[in-house]
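Chemist: Structure supplied as run.pdb; contents: PDB, C-alpha atoms.
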```pdb
ATOM      1  CA  MET E   1       0.240  13.194 -20.528  1.00  0.00           C
ATOM      2  CA  LEU E   2       1.278  11.987 -17.075  1.00  0.00           C
ATOM      3  CA  HIS E   3      -0.324   8.780 -15.843  1.00  0.00           C
ATOM      4  CA  THR E   4      -0.122   8.180 -12.103  1.00  0.00           C
ATOM      5  CA  VAL E   5      -0.597   4.869 -10.272  1.00  0.00           C
ATOM      6  CA  ASN E   6      -0.683   4.584  -6.466  1.00  0.00           C
ATOM      7  CA  LYS E   7      -1.968   1.039  -5.808  1.00  0.00           C
ATOM      8  CA  SER E   8       0.023  -2.128  -5.216  1.00  0.00           C
ATOM      9  CA  PRO E   9       0.164  -4.199  -8.413  1.00  0.00           C
ATOM     10  CA  PHE E  10      -0.386  -7.309  -6.291  1.00  0.00           C
ATOM     11  CA  GLU E  11      -3.631  -6.083  -4.793  1.00  0.00           C
ATOM     12  CA  ARG E  12      -5.319  -4.008  -7.520  1.00  0.00           C
ATOM     13  CA  ASN E  13      -5.340  -3.940 -11.300  1.00  0.00           C
ATOM     14  CA  ALA E  14      -4.701  -0.169 -11.571  1.00  0.00           C
ATOM     15  CA  LEU E  15      -1.194  -0.667 -12.953  1.00  0.00           C
ATOM     16  CA  ASP E  16      -2.361  -3.088 -15.647  1.00  0.00           C
ATOM     17  CA  ALA E  17      -5.304  -0.808 -16.468  1.00  0.00           C
ATOM     18  CA  CYS E  18      -2.839   2.037 -16.938  1.00  0.00           C
ATOM     19  CA  LEU E  19      -0.303   0.043 -18.956  1.00  0.00           C
ATOM     20  CA  ALA E  20      -3.048  -1.193 -21.279  1.00  0.00           C
ATOM     21  CA  ARG E  21      -4.218   2.332 -22.106  1.00  0.00           C
ATOM     22  CA  ALA E  22      -1.208   4.645 -21.851  1.00  0.00           C
ATOM     23  CA  VAL E  23      -0.066   5.545 -25.368  1.00  0.00           C
ATOM     24  CA  LYS E  24       3.552   5.054 -26.330  1.00  0.00           C
ATOM     25  CA  GLY E  25       5.749   7.920 -25.198  1.00  0.00           C
ATOM     26  CA  SER E  26       3.474   9.048 -22.359  1.00  0.00           C
ATOM     27  CA  ALA E  27       4.886   9.268 -18.846  1.00  0.00           C
ATOM     28  CA  ILE E  28       3.939   7.051 -15.900  1.00  0.00           C
ATOM     29  CA  LEU E  29       4.653   7.900 -12.268  1.00  0.00           C
ATOM     30  CA  LEU E  30       4.470   5.173  -9.621  1.00  0.00           C
ATOM     31  CA  TYR E  31       3.891   6.402  -6.066  1.00  0.00           C
ATOM     32  CA  GLU E  32       2.532   5.219  -2.684  1.00  0.00           C
ATOM     33  CA  ASP E  33       1.902   1.429  -2.851  1.00  0.00           C
ATOM     34  CA  ALA E  34       2.596   1.362  -6.603  1.00  0.00           C
ATOM     35  CA  VAL E  35       6.318   1.814  -5.904  1.00  0.00           C
ATOM     36  CA  TYR E  36       6.495  -1.946  -5.306  1.00  0.00           C
ATOM     37  CA  ALA E  37       6.005  -2.336  -9.057  1.00  0.00           C
ATOM     38  CA  ALA E  38       9.316  -0.532  -9.622  1.00  0.00           C
ATOM     39  CA  THR E  39      11.389  -2.990  -7.543  1.00  0.00           C
ATOM     40  CA  LYS E  40      13.756  -5.605  -8.913  1.00  0.00           C
ATOM     41  CA  GLY E  41      12.892  -9.213  -8.163  1.00  0.00           C
ATOM     42  CA  ALA E  42       9.133  -8.704  -7.910  1.00  0.00           C
ATOM     43  CA  SER E  43       7.021 -10.821 -10.244  1.00  0.00           C
ATOM     44  CA  THR E  44       5.870  -7.602 -11.926  1.00  0.00           C
ATOM     45  CA  ALA E  45       9.447  -6.719 -12.955  1.00  0.00           C
ATOM     46  CA  GLN E  46       9.252  -8.031 -16.515  1.00  0.00           C
ATOM     47  CA  ARG E  47       5.951  -6.267 -17.244  1.00  0.00           C
ATOM     48  CA  VAL E  48       7.136  -2.969 -15.812  1.00  0.00           C
ATOM     49  CA  GLY E  49      10.608  -3.256 -17.368  1.00  0.00           C
ATOM     50  CA  GLN E  50       8.911  -3.718 -20.740  1.00  0.00           C
ATOM     51  CA  ALA E  51       6.694  -0.684 -20.079  1.00  0.00           C
ATOM     52  CA  ALA E  52       9.805   1.367 -19.348  1.00  0.00           C
ATOM     53  CA  LYS E  53      10.858   0.832 -22.979  1.00  0.00           C
ATOM     54  CA  ASP E  54       7.685   2.432 -24.349  1.00  0.00           C
ATOM     55  CA  HIS E  55       7.167   5.047 -21.630  1.00  0.00           C
ATOM     56  CA  LYS E  56       9.124   7.359 -19.412  1.00  0.00           C
ATOM     57  CA  VAL E  57       8.530   5.641 -16.064  1.00  0.00           C
ATOM     58  CA  TYR E  58       9.174   7.459 -12.802  1.00  0.00           C
ATOM     59  CA  VAL E  59       8.967   6.358  -9.161  1.00  0.00           C
ATOM     60  CA  LEU E  60       8.566   8.645  -6.151  1.00  0.00           C
ATOM     61  CA  GLY E  61      11.691   8.350  -3.974  1.00  0.00           C
ATOM     62  CA  PRO E  62      10.214   9.180  -0.529  1.00  0.00           C
ATOM     63  CA  ASP E  63       7.537   6.479  -0.964  1.00  0.00           C
ATOM     64  CA  LEU E  64      10.204   3.985  -2.038  1.00  0.00           C
ATOM     65  CA  LEU E  65      12.415   4.700   1.005  1.00  0.00           C
ATOM     66  CA  ALA E  66       9.456   4.563   3.392  1.00  0.00           C
ATOM     67  CA  ARG E  67       8.766   1.024   2.179  1.00  0.00           C
ATOM     68  CA  GLY E  68      12.333  -0.179   2.718  1.00  0.00           C
ATOM     69  CA  PHE E  69      13.702   0.008  -0.832  1.00  0.00           C
ATOM     70  CA  ASN E  70      16.548   2.166  -2.117  1.00  0.00           C
ATOM     71  CA  GLU E  71      17.388   3.508  -5.576  1.00  0.00           C
ATOM     72  CA  GLY E  72      19.692   0.561  -6.250  1.00  0.00           C
ATOM     73  CA  GLN E  73      16.727  -1.794  -6.005  1.00  0.00           C
ATOM     74  CA  VAL E  74      14.771   0.032  -8.713  1.00  0.00           C
ATOM     75  CA  LEU E  75      14.434  -1.566 -12.143  1.00  0.00           C
ATOM     76  CA  ASP E  76      16.713  -0.272 -14.881  1.00  0.00           C
ATOM     77  CA  GLY E  77      15.038   2.347 -17.041  1.00  0.00           C
ATOM     78  CA  ILE E  78      12.974   3.842 -14.199  1.00  0.00           C
ATOM     79  CA  THR E  79      13.837   7.316 -12.915  1.00  0.00           C
ATOM     80  CA  VAL E  80      13.550   8.156  -9.207  1.00  0.00           C
ATOM     81  CA  VAL E  81      12.052  11.599  -8.534  1.00  0.00           C
ATOM     82  CA  ASP E  82      11.333  13.546  -5.339  1.00  0.00           C
ATOM     83  CA  TYR E  83       8.227  15.653  -4.590  1.00  0.00           C
ATOM     84  CA  ASP E  84       9.648  18.607  -6.537  1.00  0.00           C
ATOM     85  CA  GLY E  85      10.222  16.284  -9.474  1.00  0.00           C
ATOM     86  CA  PHE E  86       6.580  15.141  -9.247  1.00  0.00           C
ATOM     87  CA  VAL E  87       5.453  18.771  -9.404  1.00  0.00           C
ATOM     88  CA  ASP E  88       7.777  19.458 -12.345  1.00  0.00           C
ATOM     89  CA  LEU E  89       6.298  16.505 -14.256  1.00  0.00           C
ATOM     90  CA  VAL E  90       2.758  17.766 -13.683  1.00  0.00           C
ATOM     91  CA  ALA E  91       3.726  21.311 -14.718  1.00  0.00           C
ATOM     92  CA  GLU E  92       5.576  20.081 -17.796  1.00  0.00           C
ATOM     93  CA  LEU E  93       3.150  17.458 -19.047  1.00  0.00           C
ATOM     94  CA  GLY E  94      -0.093  19.290 -18.307  1.00  0.00           C
ATOM     95  CA  THR E  95      -2.754  16.604 -18.192  1.00  0.00           C
ATOM     96  CA  VAL E  96      -2.684  14.097 -15.345  1.00  0.00           C
ATOM     97  CA  ASN E  97      -4.538  10.811 -15.552  1.00  0.00           C
ATOM     98  CA  ALA E  98      -4.762   9.265 -12.085  1.00  0.00           C
ATOM     99  CA  TRP E  99      -5.427   5.503 -12.216  1.00  0.00           C
ATOM    100  CA  LEU E 100      -6.821   5.102  -8.699  1.00  0.00           C
TER     101      LEU E 100
ATOM    102  CA  MET J   1     -14.287 -10.595  48.249  1.00  0.00           C
ATOM    103  CA  PRO J   2     -15.703 -10.162  44.739  1.00  0.00           C
ATOM    104  CA  GLY J   3     -19.432  -9.707  44.370  1.00  0.00           C
ATOM    105  CA  ILE J   4     -21.404 -12.609  42.968  1.00  0.00           C
ATOM    106  CA  ASP J   5     -22.246 -10.838  39.702  1.00  0.00           C
ATOM    107  CA  GLU J   6     -18.713  -9.772  38.864  1.00  0.00           C
ATOM    108  CA  PRO J   7     -17.309 -11.367  35.751  1.00  0.00           C
ATOM    109  CA  ASP J   8     -14.425 -13.720  36.354  1.00  0.00           C
ATOM    110  CA  TYR J   9     -11.501 -12.253  34.425  1.00  0.00           C
ATOM    111  CA  ASP J  10      -9.060 -14.812  35.772  1.00  0.00           C
ATOM    112  CA  SER J  11     -10.798 -17.916  34.501  1.00  0.00           C
ATOM    113  CA  GLY J  12      -7.684 -18.760  32.479  1.00  0.00           C
ATOM    114  CA  VAL J  13      -9.407 -19.407  29.170  1.00  0.00           C
ATOM    115  CA  VAL J  14      -6.704 -19.036  26.554  1.00  0.00           C
ATOM    116  CA  LYS J  15      -7.740 -19.063  22.922  1.00  0.00           C
ATOM    117  CA  LYS J  16      -5.606 -19.388  19.831  1.00  0.00           C
ATOM    118  CA  PHE J  17      -5.767 -15.998  18.135  1.00  0.00           C
ATOM    119  CA  MET J  18      -4.433 -15.310  14.684  1.00  0.00           C
ATOM    120  CA  TYR J  19      -4.000 -11.957  13.024  1.00  0.00           C
ATOM    121  CA  VAL J  20      -3.687 -12.272   9.262  1.00  0.00           C
ATOM    122  CA  ASN J  21      -1.847  -9.316   7.729  1.00  0.00           C
ATOM    123  CA  ARG J  22      -2.508  -8.940   4.013  1.00  0.00           C
ATOM    124  CA  LYS J  23      -1.913  -5.236   3.313  1.00  0.00           C
ATOM    125  CA  ALA J  24       1.147  -3.133   2.581  1.00  0.00           C
ATOM    126  CA  PRO J  25       2.063  -0.794   5.442  1.00  0.00           C
ATOM    127  CA  PHE J  26       1.312   2.837   4.481  1.00  0.00           C
ATOM    128  CA  GLY J  27      -1.229   2.974   1.659  1.00  0.00           C
ATOM    129  CA  THR J  28      -4.072   1.980   3.983  1.00  0.00           C
ATOM    130  CA  ILE J  29      -4.607   2.011   7.755  1.00  0.00           C
ATOM    131  CA  TYR J  30      -5.100  -1.778   8.015  1.00  0.00           C
ATOM    132  CA  ALA J  31      -1.538  -2.695   9.025  1.00  0.00           C
ATOM    133  CA  LEU J  32      -1.443  -0.201  11.877  1.00  0.00           C
ATOM    134  CA  GLU J  33      -4.935  -1.123  13.092  1.00  0.00           C
ATOM    135  CA  VAL J  34      -4.108  -4.841  13.183  1.00  0.00           C
ATOM    136  CA  LEU J  35      -0.966  -4.075  15.158  1.00  0.00           C
ATOM    137  CA  GLU J  36      -3.087  -2.168  17.702  1.00  0.00           C
ATOM    138  CA  MET J  37      -5.355  -5.223  18.046  1.00  0.00           C
ATOM    139  CA  VAL J  38      -2.336  -7.494  18.524  1.00  0.00           C
ATOM    140  CA  LEU J  39      -1.084  -5.380  21.416  1.00  0.00           C
ATOM    141  CA  ILE J  40      -4.528  -5.423  23.041  1.00  0.00           C
ATOM    142  CA  SER J  41      -4.775  -9.202  22.831  1.00  0.00           C
ATOM    143  CA  ALA J  42      -1.312  -9.491  24.375  1.00  0.00           C
ATOM    144  CA  ALA J  43      -2.644  -7.652  27.428  1.00  0.00           C
ATOM    145  CA  PHE J  44      -5.284 -10.396  27.771  1.00  0.00           C
ATOM    146  CA  GLU J  45      -2.633 -13.125  27.735  1.00  0.00           C
ATOM    147  CA  GLN J  46      -3.986 -15.009  24.763  1.00  0.00           C
ATOM    148  CA  ASP J  47      -2.074 -17.409  22.497  1.00  0.00           C
ATOM    149  CA  VAL J  48      -1.288 -14.918  19.730  1.00  0.00           C
ATOM    150  CA  HIS J  49      -0.135 -15.823  16.230  1.00  0.00           C
ATOM    151  CA  LEU J  50       0.687 -13.387  13.433  1.00  0.00           C
ATOM    152  CA  ALA J  51       0.569 -14.349   9.778  1.00  0.00           C
ATOM    153  CA  PHE J  52       1.995 -12.259   6.953  1.00  0.00           C
ATOM    154  CA  VAL J  53       0.655 -13.116   3.503  1.00  0.00           C
ATOM    155  CA  ASP J  54       0.289 -11.300   0.168  1.00  0.00           C
ATOM    156  CA  ASP J  55       1.294  -7.602   0.510  1.00  0.00           C
ATOM    157  CA  GLY J  56       1.352  -8.098   4.302  1.00  0.00           C
ATOM    158  CA  VAL J  57       4.942  -9.323   4.000  1.00  0.00           C
ATOM    159  CA  TYR J  58       5.933  -5.761   3.076  1.00  0.00           C
ATOM    160  CA  GLN J  59       4.932  -4.633   6.597  1.00  0.00           C
ATOM    161  CA  ILE J  60       8.065  -6.148   8.092  1.00  0.00           C
ATOM    162  CA  LYS J  61      10.490  -5.286   5.257  1.00  0.00           C
ATOM    163  CA  LYS J  62      13.818  -4.031   6.628  1.00  0.00           C
ATOM    164  CA  GLY J  63      15.111  -0.507   6.088  1.00  0.00           C
ATOM    165  CA  GLN J  64      11.860   1.456   6.062  1.00  0.00           C
ATOM    166  CA  ASP J  65      12.727   5.150   6.295  1.00  0.00           C
ATOM    167  CA  THR J  66       9.538   7.188   6.620  1.00  0.00           C
ATOM    168  CA  LYS J  67      11.101  10.618   7.156  1.00  0.00           C
ATOM    169  CA  GLY J  68      10.300  11.669   3.605  1.00  0.00           C
ATOM    170  CA  ILE J  69       6.573  10.884   3.793  1.00  0.00           C
ATOM    171  CA  GLY J  70       5.911  12.397   7.219  1.00  0.00           C
ATOM    172  CA  MET J  71       4.438   9.186   8.634  1.00  0.00           C
ATOM    173  CA  LYS J  72       5.499   7.216  11.672  1.00  0.00           C
ATOM    174  CA  SER J  73       7.280   3.924  11.044  1.00  0.00           C
ATOM    175  CA  PHE J  74       5.843   1.062  13.036  1.00  0.00           C
ATOM    176  CA  LEU J  75       8.793  -1.275  12.551  1.00  0.00           C
ATOM    177  CA  PRO J  76       9.925  -0.622  16.178  1.00  0.00           C
ATOM    178  CA  THR J  77       6.561  -1.954  17.364  1.00  0.00           C
ATOM    179  CA  TYR J  78       7.059  -5.237  15.488  1.00  0.00           C
ATOM    180  CA  ARG J  79      10.498  -5.534  17.082  1.00  0.00           C
ATOM    181  CA  ALA J  80       8.947  -4.941  20.522  1.00  0.00           C
ATOM    182  CA  LEU J  81       6.365  -7.756  20.167  1.00  0.00           C
ATOM    183  CA  GLU J  82       8.880 -10.239  21.591  1.00  0.00           C
ATOM    184  CA  GLY J  83       8.710  -8.270  24.863  1.00  0.00           C
ATOM    185  CA  TYR J  84       4.982  -9.032  25.014  1.00  0.00           C
ATOM    186  CA  ASP J  85       5.664 -12.745  24.496  1.00  0.00           C
ATOM    187  CA  ILE J  86       4.367 -12.555  20.936  1.00  0.00           C
ATOM    188  CA  GLU J  87       6.864 -14.699  19.098  1.00  0.00           C
ATOM    189  CA  LYS J  88       4.714 -16.815  16.798  1.00  0.00           C
ATOM    190  CA  LEU J  89       5.203 -15.026  13.507  1.00  0.00           C
ATOM    191  CA  TYR J  90       4.582 -16.864  10.247  1.00  0.00           C
ATOM    192  CA  VAL J  91       5.328 -15.656   6.736  1.00  0.00           C
ATOM    193  CA  GLU J  92       4.055 -17.306   3.580  1.00  0.00           C
ATOM    194  CA  LYS J  93       6.879 -18.465   1.314  1.00  0.00           C
ATOM    195  CA  GLU J  94       5.001 -17.872  -1.944  1.00  0.00           C
ATOM    196  CA  SER J  95       4.179 -14.283  -0.955  1.00  0.00           C
ATOM    197  CA  LEU J  96       7.862 -13.541  -0.299  1.00  0.00           C
ATOM    198  CA  GLU J  97       8.951 -15.133  -3.580  1.00  0.00           C
ATOM    199  CA  GLU J  98       6.395 -13.250  -5.646  1.00  0.00           C
ATOM    200  CA  ARG J  99       7.876 -10.010  -4.290  1.00  0.00           C
ATOM    201  CA  GLY J 100      11.535 -10.966  -4.684  1.00  0.00           C
ATOM    202  CA  LEU J 101      12.063 -11.078  -0.903  1.00  0.00           C
ATOM    203  CA  THR J 102      13.587 -13.600   1.506  1.00  0.00           C
ATOM    204  CA  ALA J 103      13.467 -13.998   5.302  1.00  0.00           C
ATOM    205  CA  ASP J 104      16.749 -12.005   5.413  1.00  0.00           C
ATOM    206  CA  ASP J 105      14.818  -8.933   4.217  1.00  0.00           C
ATOM    207  CA  LEU J 106      12.586  -8.992   7.312  1.00  0.00           C
ATOM    208  CA  VAL J 107      13.137  -7.097  10.595  1.00  0.00           C
ATOM    209  CA  VAL J 108      11.937  -9.816  12.945  1.00  0.00           C
ATOM    210  CA  PRO J 109      12.600 -13.553  13.218  1.00  0.00           C
ATOM    211  CA  VAL J 110       9.812 -15.443  11.495  1.00  0.00           C
ATOM    212  CA  GLU J 111       8.922 -18.943  10.470  1.00  0.00           C
ATOM    213  CA  VAL J 112       8.558 -19.196   6.702  1.00  0.00           C
ATOM    214  CA  ILE J 113       5.911 -21.738   5.731  1.00  0.00           C
ATOM    215  CA  ASP J 114       4.331 -22.605   2.408  1.00  0.00           C
ATOM    216  CA  ARG J 115       0.772 -21.774   1.400  1.00  0.00           C
ATOM    217  CA  ALA J 116      -0.589 -25.235   2.225  1.00  0.00           C
ATOM    218  CA  ALA J 117       0.926 -25.097   5.722  1.00  0.00           C
ATOM    219  CA  MET J 118      -0.454 -21.582   6.167  1.00  0.00           C
ATOM    220  CA  ALA J 119      -3.926 -22.830   5.262  1.00  0.00           C
ATOM    221  CA  GLU J 120      -3.674 -25.597   7.878  1.00  0.00           C
ATOM    222  CA  LEU J 121      -2.349 -23.189  10.498  1.00  0.00           C
ATOM    223  CA  ILE J 122      -5.200 -20.720   9.953  1.00  0.00           C
ATOM    224  CA  ASP J 123      -7.672 -23.586  10.116  1.00  0.00           C
ATOM    225  CA  SER J 124      -6.349 -24.623  13.546  1.00  0.00           C
ATOM    226  CA  MET J 125      -7.165 -21.259  15.175  1.00  0.00           C
ATOM    227  CA  ASP J 126     -10.056 -20.359  17.513  1.00  0.00           C
ATOM    228  CA  VAL J 127     -10.216 -16.699  16.492  1.00  0.00           C
ATOM    229  CA  VAL J 128      -9.007 -15.215  13.204  1.00  0.00           C
ATOM    230  CA  LEU J 129      -8.856 -11.459  12.598  1.00  0.00           C
ATOM    231  CA  SER J 130      -7.758 -10.265   9.196  1.00  0.00           C
ATOM    232  CA  GLY J 131      -6.612  -6.953   7.875  1.00  0.00           C
TER     233      GLY J 131
END
```
Before we go any further, please render this structure as structure tokens.

Modeler:
Amino acid sequence: MLHTVNKSPFERNALDACLARAVKGSAILLYEDAVYAATKGASTAQRVGQAAKDHKVYVLGPDLLARGFNEGQVLDGITVVDYDGFVDLVAELGTVNAWL
Amino acid sequence: MPGIDEPDYDSGVVKKFMYVNRKAPFGTIYALEVLEMVLISAAFEQDVHLAFVDDGVYQIKKGQDTKGIGMKSFLPTYRALEGYDIEKLYVEKESLEERGLTADDLVVPVEVIDRAAMAELIDSMDVVLSG
């Protein structure tokens, strides 16, 4: 299953709601304002870094760049994907659970 | 000579306006809408202050490259505010720290103040508009 989160972790609890209910081994894609959760130095870094040990965590590159962050500022263990990569994940994993 | 019923637009009343930016730039329309309001108030020659707190600090993060998402960047507009004599920009220290940012990560010169000082500053305003 692919879980998607698109809200800022500082403003909404969608990320925490997702992390609390995504089973081990499932994939999580952070996009739109959720990309902030993938950045080093943010207070969410420890939580998300820990999640990256139990899940395959992805972040959408174009949303990251639009917000002024580059791949080097992404937490270790998180994979940057482009739009094609997003589509591939959906095609590969089948069920999408969007935590809006 | 102006008619007797015409409003007096040149009365010189200048109020302290503050725009409180609390949202990240692209996920919602708030940041752009507040910026539109700021430019309007500049035309009316008011005493304009901008505050960036919570996710609002992300609005002025350096290096935003929006080509990939097909949206317009409004960083150039923040840089142009100086030309409209809007130079009172305040950023909350705690909000920067929580996000791993410093004043060096921002595109415009700002005054970084702590949350208590921000509270006092907001309290001293005549008009506060938040988004």

Chemist: List every protein, DNA or RNA residue that has at least one atom no more than 7 Å from (4.0, -0.2, -14.9) in the file's coordinates, counting all atoms listed in the file, and write the result as a PyMOL selection string.

Modeler: chain E and resi 15+19+37+47-48+51

Chemist: Counting all atoms listed in the file, which residues of chain E come no farther than 10 Å from chain J, as a PyMOL selection string?

Modeler: chain E and resi 6-11+31-34+36-37+39-45+61-70+82-83

Chemist: To verify the selection step, state as a list in words which residues the PyMOL selection byres ((chain J and resi 47) around 12) yields on this input.

Modeler: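 So the PyMOL selection byres ((chain J and resi 47) around 12) ends up selecting Gly12, Val13, Val14, Lys15, Lys16, Phe17, Met18, Tyr19, Val38, Ser41, Ala42, Ala43, Phe44, Glu45, Gln46, Val48, His49, Leu50, Tyr84, Asp85, Ile86, Glu87, Lys88, Leu89, Met125, Asp126, Val127 and Val128 of chain J.
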
Chemist: Restricting it to C-alpha atoms, dump the selection as a PDB file, in the coordinates of the input.

Modeler:
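So the final result, stored in selection.pdb, reads:
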```
ATOM      1  CA  GLY J  12      -7.684 -18.760  32.479  1.00  0.00           C
ATOM      2  CA  VAL J  13      -9.407 -19.407  29.170  1.00  0.00           C
ATOM      3  CA  VAL J  14      -6.704 -19.036  26.554  1.00  0.00           C
ATOM      4  CA  LYS J  15      -7.740 -19.063  22.922  1.00  0.00           C
ATOM      5  CA  LYS J  16      -5.606 -19.388  19.831  1.00  0.00           C
ATOM      6  CA  PHE J  17      -5.767 -15.998  18.135  1.00  0.00           C
ATOM      7  CA  MET J  18      -4.433 -15.310  14.684  1.00  0.00           C
ATOM      8  CA  TYR J  19      -4.000 -11.957  13.024  1.00  0.00           C
ATOM      9  CA  VAL J  38      -2.336  -7.494  18.524  1.00  0.00           C
ATOM     10  CA  SER J  41      -4.775  -9.202  22.831  1.00  0.00           C
ATOM     11  CA  ALA J  42      -1.312  -9.491  24.375  1.00  0.00           C
ATOM     12  CA  ALA J  43      -2.644  -7.652  27.428  1.00  0.00           C
ATOM     13  CA  PHE J  44      -5.284 -10.396  27.771  1.00  0.00           C
ATOM     14  CA  GLU J  45      -2.633 -13.125  27.735  1.00  0.00           C
ATOM     15  CA  GLN J  46      -3.986 -15.009  24.763  1.00  0.00           C
ATOM     16  CA  VAL J  48      -1.288 -14.918  19.730  1.00  0.00           C
ATOM     17  CA  HIS J  49      -0.135 -15.823  16.230  1.00  0.00           C
ATOM     18  CA  LEU J  50       0.687 -13.387  13.433  1.00  0.00           C
ATOM     19  CA  TYR J  84       4.982  -9.032  25.014  1.00  0.00           C
ATOM     20  CA  ASP J  85       5.664 -12.745  24.496  1.00  0.00           C
ATOM     21  CA  ILE J  86       4.367 -12.555  20.936  1.00  0.00           C
ATOM     22  CA  GLU J  87       6.864 -14.699  19.098  1.00  0.00           C
ATOM     23  CA  LYS J  88       4.714 -16.815  16.798  1.00  0.00           C
ATOM     24  CA  LEU J  89       5.203 -15.026  13.507  1.00  0.00           C
ATOM     25  CA  MET J 125      -7.165 -21.259  15.175  1.00  0.00           C
ATOM     26  CA  ASP J 126     -10.056 -20.359  17.513  1.00  0.00           C
ATOM     27  CA  VAL J 127     -10.216 -16.699  16.492  1.00  0.00           C
ATOM     28  CA  VAL J 128      -9.007 -15.215  13.204  1.00  0.00           C
TER      29      VAL J 128
END
```

Chemist: Suppose you want the space between CA of Gly72 (chain E) and CA of Thr4 (chain E); what is it in Å?

Modeler: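 Spanning CA of Gly72 (chain E) to CA of Thr4 (chain E) is a straight-line distance of 22.0 Å.
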
Chemist: Near Val96 (chain E), counting all atoms listed in the file, which residues have an atom at most 7 Å away, once you skip same-chain residues fewer than 4 positions from it, shown as number ranges by chain?

Modeler: E: 1-3, 90

Chemist: Which residues match the PyMOL selection byres ((chain E and resi 29) around 7) in the file above, as a list in words?

Modeler: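 Selection result, ordered by chain and number: His3, Thr4, Val5, Ala27, Ile28, Leu30, Tyr31, Val57, Tyr58 and Val59 of chain E.
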
Chemist: What would the file look like if the residues just selected were written as a tab-separated table (two decimals), in the coordinates of the input with C-alpha atoms?

Modeler:
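Done, and the output landed in result.tsv:
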```tsv
chain	number	residue	atom	x	y	z
E	3	HIS	CA	-0.32	8.78	-15.84
E	4	THR	CA	-0.12	8.18	-12.10
E	5	VAL	CA	-0.60	4.87	-10.27
E	27	ALA	CA	4.89	9.27	-18.85
E	28	ILE	CA	3.94	7.05	-15.90
E	30	LEU	CA	4.47	5.17	-9.62
E	31	TYR	CA	3.89	6.40	-6.07
E	57	VAL	CA	8.53	5.64	-16.06
E	58	TYR	CA	9.17	7.46	-12.80
E	59	VAL	CA	8.97	6.36	-9.16
```

Chemist: Assuming 4 Å of padding per side, give the centre and edge lengths of the axis-aligned box around every listed atom of region 30-39 of chain E, in Å to one decimal and as JSON.

Modeler:
```
{"center_x": 6.6, "center_y": 1.7, "center_z": -6.2, "size_x": 17.5, "size_y": 17.4, "size_z": 14.9}
```

Chemist: Run the PyMOL selection byres ((chain J and resi 111) around 7) on the file and write out the hits as a list of chain:residue names.

Modeler: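 Checked against the file, the PyMOL selection byres ((chain J and resi 111) around 7) matches J:Leu89, J:Tyr90, J:Val91, J:Val110, J:Val112, J:Ile113.
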
Chemist: For the atom pair CA of Asp76 (chain E) and CA of Asp16 (chain E), what is the interatomic distance in Å to one decimal place?

Modeler: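 Spanning CA of Asp76 (chain E) to CA of Asp16 (chain E) is a straight-line distance of 19.3 Å.
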
Chemist: To one decimal place, how far is CA of Pro109 (chain J) from CA of Gln73 (chain E) in Å?

Modeler: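 Separation between CA of Pro109 (chain J) and CA of Gln73 (chain E): 22.9 Å.
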